[in-house]
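Structure first, commentary second.
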Amino acid sequence: MSYARLKGPPVCASVPHHVTAAFAPRWSEDPLMAGSIGVGLAVEPRLTMCAGVDIGGPLTETARKVLVRNGLDPSSVSMSRTLPWGVGYASSGASATAAAMISSALRGGDLTSALQSAHVIEVEDRTGLGDVLAISCGIGVVLRRRPGAPGLGEVTCAPVPASVSIIAFEAGSMATKELLSVLSDRYYSMSEELVRSLDRELTFERFATSVTEFTDSLGLLSWVIGDKGKDYLRRTPGLIGYYVKKRLLVVLVESDLVPDVLMQASAQLKLPGRLLEPSSRGPELR
């Protein structure tokens with residue numbers, strides 16, 4: 001294959017990660033129209049990918065495929081690894097989005113077309129069903145109201161108040177293919193109801209309340225942290241809400257109580273806590 005040669009200064013893309021709270025797949029023979037409806041949070045630290053300069057990290061396999069499909073040599077591109085892969089932060093989708101942006105910038109092509117190619121690769125490989133669409137919006141609470149690739153699916157975002165912080169507790173890794181194999185029809189039907197409800201009025205407050213009720217109704221807390229951990233979490237000072245993605249527990253707390261929550265909850269839950277921040281801006285190119 002003939003690759004485009006890089007000319008000029010380095011090109012870098014910066015994108016938020018995305019942690020889904022609830023979703024329901026939508027399958028189609030056309031991968032551009034396949035995907036999922038759902039809701040989640042766009043979070044930082046951001047993923048950075050650069051062409052023409054080494055920033056120290058290897059690419060995901062998804063990012064490699066996006067670059068190759070768009071005619072770029074993956075060996076000239078590297079990325080940061082600010083969050084672990086395979087845990088629930090949509091590193092695959094974030095890297096695919098960044099690779100599409102770099103491809104568009106260097107090849108002079110249409111950005112939407114490049115993002116659509118990233119979405120197709122995610123759907124074909126079952127590494128993500130809606131993360132590229134979600135990250136293309138990339139601010140605070142992200143609602144995917146119609147499935148499909150960017151430009152075809154429909155997504156909207158709502159900001160998260162500055163007084164809110166996010167703490168993630170990582171209980172282990174899980175591939176998206178494995179997640180799809182264990183989720184129930186009840187999970188998907190409740191996800192659909194949640195999306196419809198939030199679509200009528202999307203605010204952070206309604207999101208926090210709704211995803212917490214969703215998580216409790218499905219017993220997802222006990223699955224990740226057990227009954228004792230669940231009881232402790234519900235007594236956490238400054239608690240606003242919580243949800244589970246794969247084996248990742250996402251906890252929303254008042255920002256001024258973060259140090260205490262991190263120290264005490266990590267000890268009680270016996271899991272490492274990671275401080276995240278809501279993303280306040282979408283993908284960027286520089």
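By order in the structure tokens, chains are A, B, ...; within a chain, residues start at 1; ligands start at 1, following the order shown.
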Give me the residues within 12 Å of stretch 67-75 of chain A as a PyMOL selection string, counting only C-alpha atoms and dropping any in the same chain fewer than 2 places off. chain A and resi 1-6+49-54+57-65+77-79+95-111+113-118+120-121
Enumerate, as a ChimeraX atom specification, the complete set of residues in stretch 59-254 of chain A that a backbone-based DSSP assignment places in alpha helix (DSSP H). /A:61-69,91-107,111-125,131-137,176-182,185-200,204-218,220-234
Can you measure atom CA of A:Gly226 to atom CA of A:Ala22 for me? One decimal in Å is fine.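 Pair atom CA of A:Gly226 / atom CA of A:Ala22 returns 20.3 Å.
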From the set A:Leu143, A:Met190, A:Ser80, A:Val66, which residue has the shortest atom-to-atom contact distance to A:Leu47, counting only C-alpha atoms?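 When distances to A:Leu47 are compared using only C-alpha atoms, the smallest one comes from A:Ser80.
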Compile a residue-level contact table for stretch 148-198 of chain A against stretch 17-21 of chain A at a cut-off of 12 Å, reporting for every qualifying residue the shortest atom pair and its distance in Å to one decimal, with only C-alpha atoms counted, rows ordered by chain and ascending number, as a Markdown table.
| residue | atom | partner | partner_atom | distance |
| --- | --- | --- | --- | --- |
| A:Ile166 | CA | A:Val19 | CA | 11.0 |
| A:Ile167 | CA | A:Val19 | CA | 11.9 |
| A:Ala168 | CA | A:Val19 | CA | 10.0 |
| A:Thr176 | CA | A:Thr20 | CA | 11.6 |
| A:Tyr187 | CA | A:Ala21 | CA | 11.2 |
| A:Tyr188 | CA | A:Ala21 | CA | 11.7 |
| A:Met190 | CA | A:Ala21 | CA | 11.6 |
| A:Ser191 | CA | A:Ala21 | CA | 8.8 |
| A:Glu192 | CA | A:Ala21 | CA | 11.9 |
| A:Leu194 | CA | A:Ala21 | CA | 10.1 |
| A:Val195 | CA | A:Ala21 | CA | 10.4 |
For stretch 86-90 of chain A, list every protein, DNA or RNA residue within 12 Å, evaluated using only C-alpha atoms, and leave out those in the same chain fewer than 2 positions away; present the list as a VMD selection string. chain A and resid 15 to 21 40 to 47 60 62 81 to 84 92 to 97 122 127 to 135 168 to 179 243 to 250 274 276
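For the set A:Val253, A:Ala13, A:Ala24, A:Leu285, the residue with the smallest atom-to-atom gap to A:Arg186 is A:Ala24, counting only C-alpha atoms.
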Picked from stretch 211-273 of chain A by DSSP as strand (DSSP E), as a list in words: Leu239, Ile240, Gly241, Tyr242, Tyr243, Val244, Lys245, Leu248, Leu249, Val250, Val251, Leu252, Val253, Glu254 and Gly273 of chain A
Restricted to C-alpha atoms, what would the selected residues look like written as a PDB file, in the first residue's frame?
ATOM      1  CA  LEU A 239     -22.464  11.804  46.811  1.00  0.00           C
ATOM      2  CA  ILE A 240     -24.463  12.988  43.779  1.00  0.00           C
ATOM      3  CA  GLY A 241     -24.871   9.772  41.819  1.00  0.00           C
ATOM      4  CA  TYR A 242     -23.160   6.710  40.354  1.00  0.00           C
ATOM      5  CA  TYR A 243     -23.253   4.133  37.578  1.00  0.00           C
ATOM      6  CA  VAL A 244     -21.379   1.109  36.250  1.00  0.00           C
ATOM      7  CA  LYS A 245     -19.741   0.501  32.857  1.00  0.00           C
ATOM      8  CA  LEU A 248     -15.817   0.366  36.111  1.00  0.00           C
ATOM      9  CA  LEU A 249     -17.683   2.212  38.855  1.00  0.00           C
ATOM     10  CA  VAL A 250     -18.261   5.914  38.142  1.00  0.00           C
ATOM     11  CA  VAL A 251     -19.070   8.082  41.160  1.00  0.00           C
ATOM     12  CA  LEU A 252     -20.263  11.701  40.939  1.00  0.00           C
ATOM     13  CA  VAL A 253     -19.343  13.805  43.964  1.00  0.00           C
ATOM     14  CA  GLU A 254     -19.165  17.393  45.124  1.00  0.00           C
ATOM     15  CA  GLY A 273      -9.746   5.536  42.764  1.00  0.00           C
TER      16      GLY A 273
END
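Taking atom CA of A:Gly35 and atom CA of A:Ile139 as endpoints, the distance between them is 19.7 Å.
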Kindly give the distance, in Å, that separates atom CA of A:Arg146 and atom CA of A:His119, rounded to a single decimal.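 The value is 14.1 Å.
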Residues of stretch 117-182 of chain A that have any atom at most 10 Å from an atom of stretch 197-204 of chain A: could you tabulate them with the shortest-distance atom pair and the distance in Å to one decimal, using only C-alpha atoms, ordered by chain and increasing number, as a Markdown table?
| residue | atom | partner | partner_atom | distance |
| --- | --- | --- | --- | --- |
| A:Gly140 | CA | A:Phe204 | CA | 8.2 |
| A:Val141 | CA | A:Phe204 | CA | 6.6 |
| A:Val142 | CA | A:Leu202 | CA | 9.1 |
| A:Leu143 | CA | A:Asp199 | CA | 7.5 |
| A:Arg144 | CA | A:Asp199 | CA | 9.0 |
| A:Arg145 | CA | A:Asp199 | CA | 7.1 |
| A:Thr156 | CA | A:Leu202 | CA | 8.8 |
| A:Cys157 | CA | A:Leu202 | CA | 8.2 |
| A:Ala158 | CA | A:Thr203 | CA | 6.1 |
| A:Pro159 | CA | A:Phe204 | CA | 7.0 |
| A:Val160 | CA | A:Phe204 | CA | 5.8 |
| A:Pro161 | CA | A:Phe204 | CA | 7.7 |
| A:Val164 | CA | A:Phe204 | CA | 9.9 |
Between A:Phe214, A:Ser14, A:Asp231, A:Val123, single out the one closest to A:Pro147, counting only C-alpha atoms.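 Of A:Phe214, A:Ser14, A:Asp231, A:Val123, the one nearest A:Pro147, counting only C-alpha atoms, is A:Val123.
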